[in-house]
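Novice: Structure: query_6.tsv, TSV, C-alpha atoms.
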chain	number	residue	atom	x	y	z
J	762	MET	CA	0.00	0.00	0.00
J	763	VAL	CA	1.39	3.41	-1.03
J	764	HIS	CA	0.42	6.63	0.78
J	765	ASN	CA	0.73	9.26	-1.91
J	766	LYS	CA	-2.10	11.77	-1.43
J	767	ILE	CA	-0.98	15.35	-0.93
J	768	ARG	CA	-4.21	16.07	0.96
J	769	ALA	CA	-3.51	13.28	3.48
J	770	GLY	CA	-0.02	14.66	3.99
J	771	LEU	CA	-1.33	18.17	4.59
J	772	ARG	CA	-3.86	16.88	7.12
J	773	ASP	CA	-1.21	14.92	9.04
J	774	GLY	CA	1.00	18.01	9.03
J	775	ILE	CA	-1.48	20.29	10.84
J	776	PRO	CA	-0.70	19.23	14.44
J	777	ILE	CA	3.04	19.33	13.70
J	778	ALA	CA	2.69	22.85	12.26
J	779	LEU	CA	0.86	24.07	15.37
J	780	GLY	CA	3.52	22.64	17.67
J	781	TYR	CA	6.28	24.11	15.53
J	782	PHE	CA	4.68	27.55	15.55
J	783	SER	CA	4.73	27.73	19.35
J	784	VAL	CA	8.30	26.46	19.63
J	785	SER	CA	9.76	28.56	16.80
J	786	PHE	CA	8.00	31.55	18.34
J	787	SER	CA	10.31	31.18	21.31
J	788	PHE	CA	13.27	30.65	18.95
J	789	GLY	CA	12.53	33.90	17.11
J	790	MET	CA	12.14	35.71	20.41
J	791	LEU	CA	15.37	34.30	21.80
J	792	ALA	CA	17.29	35.09	18.60
J	793	VAL	CA	16.25	38.75	18.69
J	794	GLN	CA	17.08	38.92	22.41
J	795	ASP	CA	20.55	37.65	21.50
J	796	GLY	CA	20.99	40.43	18.95
J	797	ILE	CA	20.10	38.53	15.74
J	798	SER	CA	17.86	40.49	13.34
J	799	PRO	CA	14.34	39.14	12.64
J	800	PHE	CA	15.33	38.61	8.99
J	801	HIS	CA	18.34	36.48	9.93
J	802	ALA	CA	16.27	34.54	12.46
J	803	VAL	CA	13.70	33.74	9.78
J	804	LEU	CA	16.47	32.78	7.34
J	805	ILE	CA	17.96	30.40	9.92
J	806	SER	CA	14.56	28.75	10.47
J	807	LEU	CA	13.82	28.46	6.74
J	808	MET	CA	17.22	26.96	5.91
J	809	ASN	CA	17.64	24.64	8.90
J	810	LEU	CA	14.18	23.47	9.98
J	811	THR	CA	15.47	21.94	13.21
J	812	SER	CA	14.84	22.98	16.81
J	813	ALA	CA	17.78	21.59	18.75
J	814	GLY	CA	20.36	22.46	16.07
J	815	GLN	CA	19.15	26.04	15.64
J	816	PHE	CA	19.00	26.56	19.36
J	817	ALA	CA	22.58	25.35	19.78
J	818	GLY	CA	23.62	27.26	16.64
J	819	LEU	CA	22.32	30.45	18.20
J	820	THR	CA	24.60	29.87	21.18
J	821	VAL	CA	27.56	29.36	18.83
J	822	ILE	CA	26.80	32.59	16.93
J	823	VAL	CA	26.31	34.65	20.08
J	824	SER	CA	29.55	33.39	21.63
J	825	GLY	CA	31.41	34.29	18.42
J	826	ALA	CA	32.86	30.78	18.11
J	827	SER	CA	34.60	29.46	15.00
J	828	LEU	CA	32.87	28.05	11.93
J	829	VAL	CA	34.50	24.69	12.71
J	830	GLU	CA	32.78	24.70	16.09
J	831	MET	CA	29.51	25.54	14.34
J	832	ALA	CA	29.94	22.67	11.87
J	833	LEU	CA	30.87	20.21	14.65
J	834	THR	CA	27.99	21.29	16.86
J	835	GLN	CA	25.49	20.83	14.04
J	836	LEU	CA	27.07	17.52	13.03
J	837	VAL	CA	26.81	16.02	16.52
J	838	ILE	CA	23.40	17.41	17.41
J	839	ASN	CA	21.84	16.58	14.06
J	840	ILE	CA	23.60	13.27	13.37
J	841	ARG	CA	20.41	11.56	14.53
J	842	TYR	CA	18.84	12.72	11.27
J	843	ALA	CA	21.28	10.43	9.46
J	844	LEU	CA	19.66	7.41	11.10
J	845	MET	CA	16.19	8.77	10.40
J	846	SER	CA	17.17	9.35	6.77
J	847	VAL	CA	18.49	5.80	6.48
J	848	SER	CA	15.24	4.54	7.96
J	849	LEU	CA	13.14	6.85	5.77
J	850	SER	CA	14.99	5.68	2.67
J	851	GLN	CA	13.52	2.22	3.33
J	852	LYS	CA	10.08	3.72	3.95
J	853	LEU	CA	9.88	5.76	0.74
J	854	ASP	CA	8.16	4.07	-2.17
J	855	SER	CA	10.44	2.82	-4.94
J	856	SER	CA	8.72	5.34	-7.24
J	857	VAL	CA	10.44	8.22	-5.37
J	858	LYS	CA	13.34	9.45	-7.54
J	859	THR	CA	16.72	10.66	-6.31
J	860	PHE	CA	15.85	14.31	-7.00
J	861	GLN	CA	12.63	13.93	-5.03
J	862	ARG	CA	14.58	12.31	-2.19
J	863	MET	CA	16.82	15.39	-2.14
J	864	LEU	CA	13.75	17.61	-1.66
J	865	ILE	CA	12.21	15.36	1.00
J	866	ALA	CA	15.53	15.29	2.90
J	867	TYR	CA	15.08	19.01	3.65
J	868	GLY	CA	11.95	18.25	5.67
J	869	ASN	CA	13.09	15.15	7.55
J	870	THR	CA	12.56	16.44	11.10
J	871	ASP	CA	11.94	14.30	14.20
J	872	GLU	CA	8.17	14.78	14.02
J	873	ILE	CA	7.79	14.48	10.25
J	874	PHE	CA	9.91	11.34	10.29
J	875	ALA	CA	7.84	9.92	13.15
J	876	VAL	CA	4.54	10.52	11.32
J	877	ALA	CA	5.84	9.16	7.99
J	878	SER	CA	7.20	6.06	9.74
J	879	SER	CA	3.88	5.41	11.45
J	880	LYS	CA	2.10	4.93	8.10
J	881	PRO	CA	1.56	1.30	7.10
J	882	GLY	CA	3.22	0.31	3.82
J	883	THR	CA	5.31	2.85	1.92
J	884	VAL	CA	4.98	6.62	1.42
J	885	GLY	CA	5.23	8.51	-1.87
J	886	SER	CA	6.67	11.92	-2.76
J	887	LYS	CA	3.29	13.71	-2.92
J	888	TYR	CA	2.36	12.59	0.59
J	889	MET	CA	5.76	13.71	1.88
J	890	TYR	CA	5.51	17.14	0.22
J	891	GLY	CA	2.09	17.63	1.79
J	892	LEU	CA	3.34	16.48	5.17
J	893	ILE	CA	6.34	18.83	5.08
J	894	LEU	CA	4.63	22.00	3.75
J	895	LEU	CA	2.55	23.15	6.73
J	896	PRO	CA	5.21	22.44	9.39
J	897	VAL	CA	7.67	24.58	7.35
J	898	ILE	CA	5.14	27.43	7.22
J	899	GLY	CA	4.46	27.01	10.95
J	900	TRP	CA	8.17	26.96	11.77
J	901	VAL	CA	9.08	30.02	9.68
J	902	GLY	CA	5.90	31.93	10.58
J	903	GLY	CA	6.39	31.26	14.28
J	904	THR	CA	9.98	32.49	14.10
J	905	LEU	CA	8.90	35.72	12.40
J	906	THR	CA	6.05	36.29	14.85
J	907	GLY	CA	8.29	35.62	17.84
J	908	ALA	CA	11.08	37.84	16.50
J	909	VAL	CA	8.68	40.74	15.96
J	910	ALA	CA	6.74	40.14	19.17
J	911	SER	CA	9.85	40.17	21.33
J	912	THR	CA	10.10	43.90	20.72
J	913	ILE	CA	6.48	44.43	21.79
J	914	LEU	CA	5.78	41.85	24.52
J	915	PRO	CA	6.25	42.74	28.20
J	916	ALA	CA	9.31	41.28	29.94
J	917	ALA	CA	7.15	39.04	32.16
J	918	VAL	CA	5.68	37.24	29.13
J	919	ILE	CA	9.06	36.93	27.42
J	920	SER	CA	10.57	35.41	30.54
J	921	ALA	CA	7.75	32.86	30.74
J	922	LEU	CA	8.02	31.94	27.04
J	923	GLY	CA	11.74	31.33	27.54
J	924	VAL	CA	10.98	27.80	28.73
J	925	ALA	CA	8.74	26.82	25.78
J	926	LEU	CA	11.54	25.14	23.85
J	927	TYR	CA	12.78	23.31	26.94
J	928	GLY	CA	9.20	22.24	27.62
J	929	MET	CA	9.07	20.62	24.20
J	930	PHE	CA	12.41	18.88	24.74
J	931	ILE	CA	11.16	17.54	28.08
J	932	ALA	CA	7.96	16.35	26.42
J	933	ILE	CA	10.07	14.35	23.93
J	934	VAL	CA	12.54	12.86	26.43
J	935	VAL	CA	10.56	12.08	29.58
J	936	PRO	CA	7.88	9.72	28.19
J	937	VAL	CA	10.55	7.55	26.52
J	938	ALA	CA	12.81	7.63	29.61
J	939	LYS	CA	9.81	6.53	31.67
J	940	GLU	CA	9.29	3.41	29.54
J	941	SER	CA	12.94	2.52	28.90
J	942	LYS	CA	15.51	2.20	31.70
J	943	GLU	CA	18.26	2.30	29.05
J	944	VAL	CA	17.15	5.74	27.84
J	945	LEU	CA	16.71	6.80	31.48
J	946	LEU	CA	20.37	5.93	32.13
J	947	VAL	CA	21.50	7.87	29.06
J	948	VAL	CA	19.44	10.86	30.23
J	949	ALA	CA	20.90	10.61	33.74
J	950	VAL	CA	24.50	10.45	32.46
J	951	SER	CA	23.87	13.43	30.19
J	952	LEU	CA	22.30	15.34	33.09
J	953	VAL	CA	25.30	14.74	35.36
J	954	PHE	CA	27.82	15.64	32.64
J	955	SER	CA	25.96	18.77	31.63
J	956	SER	CA	25.68	19.94	35.24
J	957	ALA	CA	29.38	19.27	35.78
J	958	PHE	CA	30.28	21.35	32.72
J	959	TYR	CA	28.05	24.15	33.95
J	960	TYR	CA	29.15	24.36	37.56
J	961	LEU	CA	32.64	22.90	38.03
J	962	PRO	CA	35.71	25.10	37.71
J	963	VAL	CA	37.82	24.59	34.54
J	964	LEU	CA	35.02	22.56	32.94
J	965	ARG	CA	32.69	25.55	32.92
J	966	ASN	CA	35.17	27.49	30.77
J	967	ILE	CA	34.41	25.13	27.89
J	968	SER	CA	31.97	26.72	25.44
J	969	SER	CA	28.37	25.55	25.57
J	970	GLY	CA	28.58	24.31	21.97
J	971	PHE	CA	31.32	21.84	22.82
J	972	THR	CA	29.66	21.00	26.14
J	973	ILE	CA	26.59	19.77	24.26
J	974	ILE	CA	28.78	17.72	21.90
J	975	ILE	CA	30.77	16.14	24.75
J	976	CYS	CA	27.70	15.34	26.85
J	977	THR	CA	25.82	13.89	23.89
J	978	VAL	CA	28.67	11.69	22.64
J	979	ALA	CA	29.56	10.52	26.16
J	980	ALA	CA	26.02	9.69	27.27
J	981	ALA	CA	24.93	8.09	23.98
J	982	GLY	CA	28.26	6.24	23.78
J	983	ILE	CA	27.95	4.83	27.30
J	984	GLY	CA	24.37	3.83	26.48
J	985	ALA	CA	25.41	2.10	23.26
J	986	VAL	CA	28.23	0.14	24.96
J	987	LEU	CA	26.23	-0.88	28.04
J	988	PHE	CA	22.85	-1.37	26.40
J	989	PRO	CA	23.11	-2.08	22.69
J	990	ILE	CA	19.48	-2.18	21.66
J	991	LYS	CA	17.67	-4.96	19.87
J	992	GLU	CA	17.03	-4.66	16.15
J	993	GLU	CA	13.31	-3.91	16.34
J	994	GLN	CA	13.64	-0.99	18.75
J	995	ALA	CA	16.11	1.16	16.86
B	1382	MET	CA	29.93	36.74	9.30
B	1383	ILE	CA	26.35	35.95	10.26
B	1384	TYR	CA	25.79	34.57	6.75
B	1385	ALA	CA	28.86	32.33	7.04
B	1386	TYR	CA	27.41	30.91	10.28
B	1387	ILE	CA	23.98	30.42	8.72
B	1388	PHE	CA	25.31	28.71	5.59
B	1389	VAL	CA	27.64	26.37	7.49
B	1390	MET	CA	24.81	25.54	9.86
B	1391	ALA	CA	22.28	24.90	7.08
B	1392	GLY	CA	24.78	23.09	4.85
B	1393	VAL	CA	25.84	20.60	7.52
B	1394	THR	CA	22.25	20.01	8.62
B	1395	TYR	CA	21.04	19.43	5.05
B	1396	LEU	CA	23.91	17.10	4.08
B	1397	ILE	CA	23.25	14.96	7.18
B	1398	ARG	CA	19.66	14.53	6.06
B	1399	MET	CA	20.27	14.29	2.34
B	1400	LEU	CA	23.27	11.95	1.97
B	1401	PRO	CA	21.82	8.90	3.76
B	1402	LEU	CA	18.46	9.35	2.07
B	1403	THR	CA	19.98	9.34	-1.41
B	1404	LEU	CA	23.12	7.21	-1.02
B	1405	ILE	CA	22.47	4.54	1.60
B	1406	GLN	CA	19.84	2.09	0.50
B	1407	ARG	CA	20.57	-0.81	2.84
B	1408	LYS	CA	20.19	-0.89	6.61
B	1409	ILE	CA	23.04	-0.18	9.06
B	1410	SER	CA	23.70	-3.53	10.71
B	1411	ASN	CA	26.25	-2.59	13.39
B	1412	ILE	CA	24.26	-2.72	16.60
B	1413	TYR	CA	26.54	-0.31	18.46
B	1414	ILE	CA	26.29	2.41	15.81
B	1415	ARG	CA	22.53	1.91	15.65
B	1416	SER	CA	22.27	2.14	19.44
B	1417	PHE	CA	24.49	5.22	19.55
B	1418	LEU	CA	22.33	6.98	16.96
B	1419	TYR	CA	19.19	5.88	18.77
B	1420	TYR	CA	20.33	7.36	22.10
B	1421	ILE	CA	21.64	10.63	20.67
B	1422	PRO	CA	18.44	12.72	20.68
B	1423	TYR	CA	17.76	11.93	24.34
B	1424	ALA	CA	21.34	12.64	25.44
B	1425	CYS	CA	21.45	15.82	23.39
B	1426	LEU	CA	18.08	17.25	24.44
B	1427	THR	CA	18.86	16.54	28.09
B	1428	ALA	CA	22.25	18.28	27.90
B	1429	MET	CA	20.63	21.31	26.28
B	1430	THR	CA	17.76	21.50	28.75
B	1431	PHE	CA	19.54	21.12	32.07
B	1432	PRO	CA	20.76	23.20	33.78
B	1433	ALA	CA	20.10	25.85	31.08
B	1434	ILE	CA	16.35	25.91	31.84
B	1435	LEU	CA	17.11	27.24	35.34
B	1436	TYR	CA	18.74	30.32	33.83
B	1437	ALA	CA	16.33	30.93	30.95
B	1438	THR	CA	13.89	32.97	33.06
B	1439	GLU	CA	14.00	35.89	35.50
B	1440	SER	CA	15.06	33.66	38.40
B	1441	PRO	CA	16.22	30.05	38.93
B	1442	PHE	CA	13.12	29.53	41.09
B	1443	SER	CA	10.69	30.22	38.26
B	1444	GLY	CA	12.89	28.21	35.89
B	1445	PHE	CA	12.67	25.29	38.29
B	1446	VAL	CA	8.88	25.62	38.46
B	1447	GLY	CA	8.78	25.47	34.65
B	1448	LEU	CA	10.98	22.37	34.70
B	1449	ALA	CA	8.85	20.66	37.37
B	1450	VAL	CA	5.58	21.40	35.54
B	1451	ALA	CA	7.00	20.13	32.25
B	1452	VAL	CA	8.36	16.89	33.75
B	1453	PHE	CA	5.10	16.28	35.64
B	1454	LEU	CA	2.99	16.68	32.48
B	1455	ALA	CA	5.46	14.80	30.26
B	1456	ILE	CA	5.33	11.77	32.59
B	1457	ARG	CA	1.58	11.81	31.91
B	1458	LYS	CA	2.38	11.80	28.17
B	1459	LYS	CA	0.73	15.13	27.36
B	1460	SER	CA	1.33	16.61	23.89
B	1461	LEU	CA	4.30	18.87	23.04
B	1462	ILE	CA	2.19	22.05	22.90
B	1463	PHE	CA	0.40	21.18	26.15
B	1464	VAL	CA	3.65	20.57	28.05
B	1465	ALA	CA	5.41	23.64	26.64
B	1466	GLY	CA	2.37	25.88	27.20
B	1467	PHE	CA	1.83	24.89	30.82
B	1468	ALA	CA	5.55	25.14	31.57
B	1469	CYS	CA	5.37	28.77	30.39
B	1470	ALA	CA	2.24	29.36	32.47
B	1471	GLY	CA	4.00	27.86	35.51
B	1472	VAL	CA	6.94	30.23	35.07
B	1473	PHE	CA	4.61	33.21	34.66
B	1474	LEU	CA	2.68	32.36	37.85
B	1475	ALA	CA	5.87	31.65	39.83
B	1476	GLU	CA	7.26	35.05	38.88
B	1477	ARG	CA	4.04	36.82	39.88
B	1478	ILE	CA	4.20	35.03	43.26
B	1479	LEU	CA	7.83	36.13	43.65
B	1480	GLU	CA	6.72	39.71	43.03
B	1481	ILE	CA	4.03	39.54	45.69
B	1482	LEU	CA	6.32	38.01	48.34
B	1483	PRO	CA	8.01	40.68	50.46
B	1484	MET	CA	11.63	41.10	49.37
B	1485	CYS	CA	13.52	41.32	52.63
With the file now loaded, output its structure as structure tokens.
Specialist:
Amino acid sequence: MVHNKIRAGLRDGIPIALGYFSVSFSFGMLAVQDGISPFHAVLISLMNLTSAGQFAGLTVIVSGASLVEMALTQLVINIRYALMSVSLSQKLDSSVKTFQRMLIAYGNTDEIFAVASSKPGTVGSKYMYGLILLPVIGWVGGTLTGAVASTILPAAVISALGVALYGMFIAIVVPVAKESKEVLLVVAVSLVFSSAFYYLPVLRNISSGFTIIICTVAAAGIGAVLFPIKEEQA
Amino acid sequence: MIYAYIFVMAGVTYLIRMLPLTLIQRKISNIYIRSFLYYIPYACLTAMTFPAILYATESPFSGFVGLAVAVFLAIRKKSLIFVAGFACAGVFLAERILEILPMC
């Protein structure tokens, strides 16, 4: 069975688009607070379409770090997309051409990948285009709205919205950590490492971009060595 | 300089997504690499969230309230928007309470 209706894709994309709008709103706001212009913030969202990577990228830009550090940060944080892309390449219908795969690759986010994977059978290019379109509009539109609003909104509201992105991260991590003690261990290791790099002398001098890389590689590496997961889970 | 950052950022992100989707057609079989890739989002999101969330608001107290609300709702498997929205509301309320409390 092939899912290849653009309308079905659009419909499945609506909840993702709404979620993206609220999260990218806080990204746009944060970017402007950090001295990035609304235009550049929107450009970042349009070209990257990724929450964690953009958020970390913002830190790299603000700290004035090197382009190598930027490339490494993005590589480590976004390397998970490589696995999703491998998995999605099996999920795409054989009718999807290489050029179409190159377009679909742009929109392979955590949520879009999750929805596409949940479809029985294979998915076609039209379904994928439909699925990707609204989340992109939500992501870019939310960034623009947040960037503009940050100059208007009162400080109390801006402070409160500062946790929106973290709230989304927590909503992704906690339910899985609750069900899987392996993921819980990885989360715990990452938590300890990240706190150590934030509070301990010497360690806290390391830039936050590299801190995220080190914590991620260490925690995921320890998890992979101690608890290599069974084929059907990954 | 900002454009150099943006292009490096976007280029790396796109290549990570594009290359496997176009080049690799067969499954990765190494269980350790698969496991490592599987654990990465959780390790990464955790490292980005804590302790940064404590310093994302006006005070660590309100940041902690946001964290607690989010974890509480996430354990109950609420949706992304629901968790993020109520975390923000928790921070807002906590900061109003801090304002009311006498600062001595």
Novice: One decimal, Å: what's the distance from CA of Pro776 (chain J) over to CA of Ala1455 (chain B), could you say?
Specialist: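 Straight-line distance from CA of Pro776 (chain J) to CA of Ala1455 (chain B) works out to 17.5 Å.
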Novice: For chain B, which residues have at least one atom within 7 Å of chain J, if we go by all atoms listed in the file? Write them as a PyMOL selection string, please.
Specialist: chain B and resi 1386-1387+1389-1391+1393-1395+1397-1399+1401-1403+1405-1406+1408+1412-1413+1415-1432+1434+1437-1439+1447+1451-1452+1455-1456+1458+1461-1462+1464-1466+1468-1470+1472-1473
Novice: Given the selection you just returned, output its residues as a file containing C-alpha atoms, formatted as an mmCIF file, keeping the file's coordinate frame.
Specialist:
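Output below, filename out.cif:
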data_model
loop_
_atom_site.group_PDB
_atom_site.id
_atom_site.type_symbol
_atom_site.label_atom_id
_atom_site.label_comp_id
_atom_site.auth_asym_id
_atom_site.auth_seq_id
_atom_site.Cartn_x
_atom_site.Cartn_y
_atom_site.Cartn_z
ATOM 1 C CA TYR B 1386 27.410 30.910 10.280
ATOM 2 C CA ILE B 1387 23.980 30.420 8.720
ATOM 3 C CA VAL B 1389 27.640 26.370 7.490
ATOM 4 C CA MET B 1390 24.810 25.540 9.860
ATOM 5 C CA ALA B 1391 22.280 24.900 7.080
ATOM 6 C CA VAL B 1393 25.840 20.600 7.520
ATOM 7 C CA THR B 1394 22.250 20.010 8.620
ATOM 8 C CA TYR B 1395 21.040 19.430 5.050
ATOM 9 C CA ILE B 1397 23.250 14.960 7.180
ATOM 10 C CA ARG B 1398 19.660 14.530 6.060
ATOM 11 C CA MET B 1399 20.270 14.290 2.340
ATOM 12 C CA PRO B 1401 21.820 8.900 3.760
ATOM 13 C CA LEU B 1402 18.460 9.350 2.070
ATOM 14 C CA THR B 1403 19.980 9.340 -1.410
ATOM 15 C CA ILE B 1405 22.470 4.540 1.600
ATOM 16 C CA GLN B 1406 19.840 2.090 0.500
ATOM 17 C CA LYS B 1408 20.190 -0.890 6.610
ATOM 18 C CA ILE B 1412 24.260 -2.720 16.600
ATOM 19 C CA TYR B 1413 26.540 -0.310 18.460
ATOM 20 C CA ARG B 1415 22.530 1.910 15.650
ATOM 21 C CA SER B 1416 22.270 2.140 19.440
ATOM 22 C CA PHE B 1417 24.490 5.220 19.550
ATOM 23 C CA LEU B 1418 22.330 6.980 16.960
ATOM 24 C CA TYR B 1419 19.190 5.880 18.770
ATOM 25 C CA TYR B 1420 20.330 7.360 22.100
ATOM 26 C CA ILE B 1421 21.640 10.630 20.670
ATOM 27 C CA PRO B 1422 18.440 12.720 20.680
ATOM 28 C CA TYR B 1423 17.760 11.930 24.340
ATOM 29 C CA ALA B 1424 21.340 12.640 25.440
ATOM 30 C CA CYS B 1425 21.450 15.820 23.390
ATOM 31 C CA LEU B 1426 18.080 17.250 24.440
ATOM 32 C CA THR B 1427 18.860 16.540 28.090
ATOM 33 C CA ALA B 1428 22.250 18.280 27.900
ATOM 34 C CA MET B 1429 20.630 21.310 26.280
ATOM 35 C CA THR B 1430 17.760 21.500 28.750
ATOM 36 C CA PHE B 1431 19.540 21.120 32.070
ATOM 37 C CA PRO B 1432 20.760 23.200 33.780
ATOM 38 C CA ILE B 1434 16.350 25.910 31.840
ATOM 39 C CA ALA B 1437 16.330 30.930 30.950
ATOM 40 C CA THR B 1438 13.890 32.970 33.060
ATOM 41 C CA GLU B 1439 14.000 35.890 35.500
ATOM 42 C CA GLY B 1447 8.780 25.470 34.650
ATOM 43 C CA ALA B 1451 7.000 20.130 32.250
ATOM 44 C CA VAL B 1452 8.360 16.890 33.750
ATOM 45 C CA ALA B 1455 5.460 14.800 30.260
ATOM 46 C CA ILE B 1456 5.330 11.770 32.590
ATOM 47 C CA LYS B 1458 2.380 11.800 28.170
ATOM 48 C CA LEU B 1461 4.300 18.870 23.040
ATOM 49 C CA ILE B 1462 2.190 22.050 22.900
ATOM 50 C CA VAL B 1464 3.650 20.570 28.050
ATOM 51 C CA ALA B 1465 5.410 23.640 26.640
ATOM 52 C CA GLY B 1466 2.370 25.880 27.200
ATOM 53 C CA ALA B 1468 5.550 25.140 31.570
ATOM 54 C CA CYS B 1469 5.370 28.770 30.390
ATOM 55 C CA ALA B 1470 2.240 29.360 32.470
ATOM 56 C CA VAL B 1472 6.940 30.230 35.070
ATOM 57 C CA PHE B 1473 4.610 33.210 34.660
#
Novice: Kindly give the distance, in Å, that separates CA of Leu1454 (chain B) and CA of Ile1478 (chain B), rounded to a single decimal.
Specialist: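 Answer for the CA of Leu1454 (chain B) to CA of Ile1478 (chain B) separation: 21.3 Å.
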Novice: Within 8 Å of region 764-767 of chain J, counting only C-alpha atoms, which residues qualify if same-chain residues fewer than 2 places away don't, as number ranges by chain?
Specialist: J: 762, 769-771, 880, 882-892
Novice: One decimal, in Å: what's the spacing between CA of Ile898 (chain J) and CA of Ser787 (chain J)?
Specialist: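 Between CA of Ile898 (chain J) and CA of Ser787 (chain J) the gap works out to 15.5 Å.
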Novice: For Ser968 (chain J), which residue among J:Asp854, J:Trp900, J:Ile893, J:Ser824 is the nearest when counting all atoms listed in the file?
Specialist: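 So, comparing all the options, the nearest one is J:Ser824.
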Novice: Enclose all atoms of region 775-794 of chain J listed in the file in an axis-aligned box, grow every side by 6 Å, and hand back centre and edge lengths in Å to one decimal, as JSON.
Specialist:
{"center_x": 7.9, "center_y": 29.1, "center_z": 16.6, "size_x": 30.8, "size_y": 31.7, "size_z": 23.6}
Novice: Taking into account all atoms listed in the file, which residue in the set J:Phe971, J:Val963, J:Val897, J:Ser911 is nearest to Gln794 (chain J)?
Specialist: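 Among J:Phe971, J:Val963, J:Val897, J:Ser911, it is J:Ser911 that comes nearest to Gln794 (chain J).
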Novice: Pop region 789-794 of chain J out of the structure in the block and write all heavy atoms as a compact mmCIF listing (two decimals), in the first residue's frame.
Specialist:
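What ended up in decode_39.txt:
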# COMPACT_ATOMS: atom_id res chain seq x y z
N GLY J 789 12.46 32.57 17.70
CA GLY J 789 12.53 33.90 17.11
C GLY J 789 12.75 34.96 18.18
O GLY J 789 13.56 35.88 18.02
N MET J 790 12.04 34.78 19.28
CA MET J 790 12.14 35.71 20.41
C MET J 790 13.55 35.70 20.98
O MET J 790 14.17 36.73 21.21
CB MET J 790 11.16 35.23 21.47
CG MET J 790 10.53 36.28 22.29
SD MET J 790 9.50 35.46 23.50
CE MET J 790 10.71 34.51 24.39
N LEU J 791 14.05 34.48 21.20
CA LEU J 791 15.37 34.30 21.80
C LEU J 791 16.46 34.87 20.88
O LEU J 791 17.39 35.53 21.34
CB LEU J 791 15.61 32.80 22.00
CG LEU J 791 16.58 32.39 23.08
CD1 LEU J 791 15.99 32.66 24.44
CD2 LEU J 791 16.90 30.91 22.93
N ALA J 792 16.30 34.62 19.57
CA ALA J 792 17.29 35.09 18.60
C ALA J 792 17.41 36.61 18.65
O ALA J 792 18.51 37.16 18.68
CB ALA J 792 16.93 34.62 17.20
N VAL J 793 16.25 37.29 18.66
CA VAL J 793 16.25 38.75 18.69
C VAL J 793 16.83 39.26 20.01
O VAL J 793 17.60 40.22 20.03
CB VAL J 793 14.83 39.29 18.45
CG1 VAL J 793 14.76 40.79 18.74
CG2 VAL J 793 14.41 39.02 17.00
N GLN J 794 16.50 38.56 21.10
CA GLN J 794 17.08 38.92 22.41
C GLN J 794 18.60 38.83 22.37
O GLN J 794 19.30 39.58 23.03
CB GLN J 794 16.58 37.95 23.49
CG GLN J 794 15.08 37.88 23.64
CD GLN J 794 14.59 38.70 24.78
OE1 GLN J 794 14.98 38.48 25.91
NE2 GLN J 794 13.78 39.68 24.48
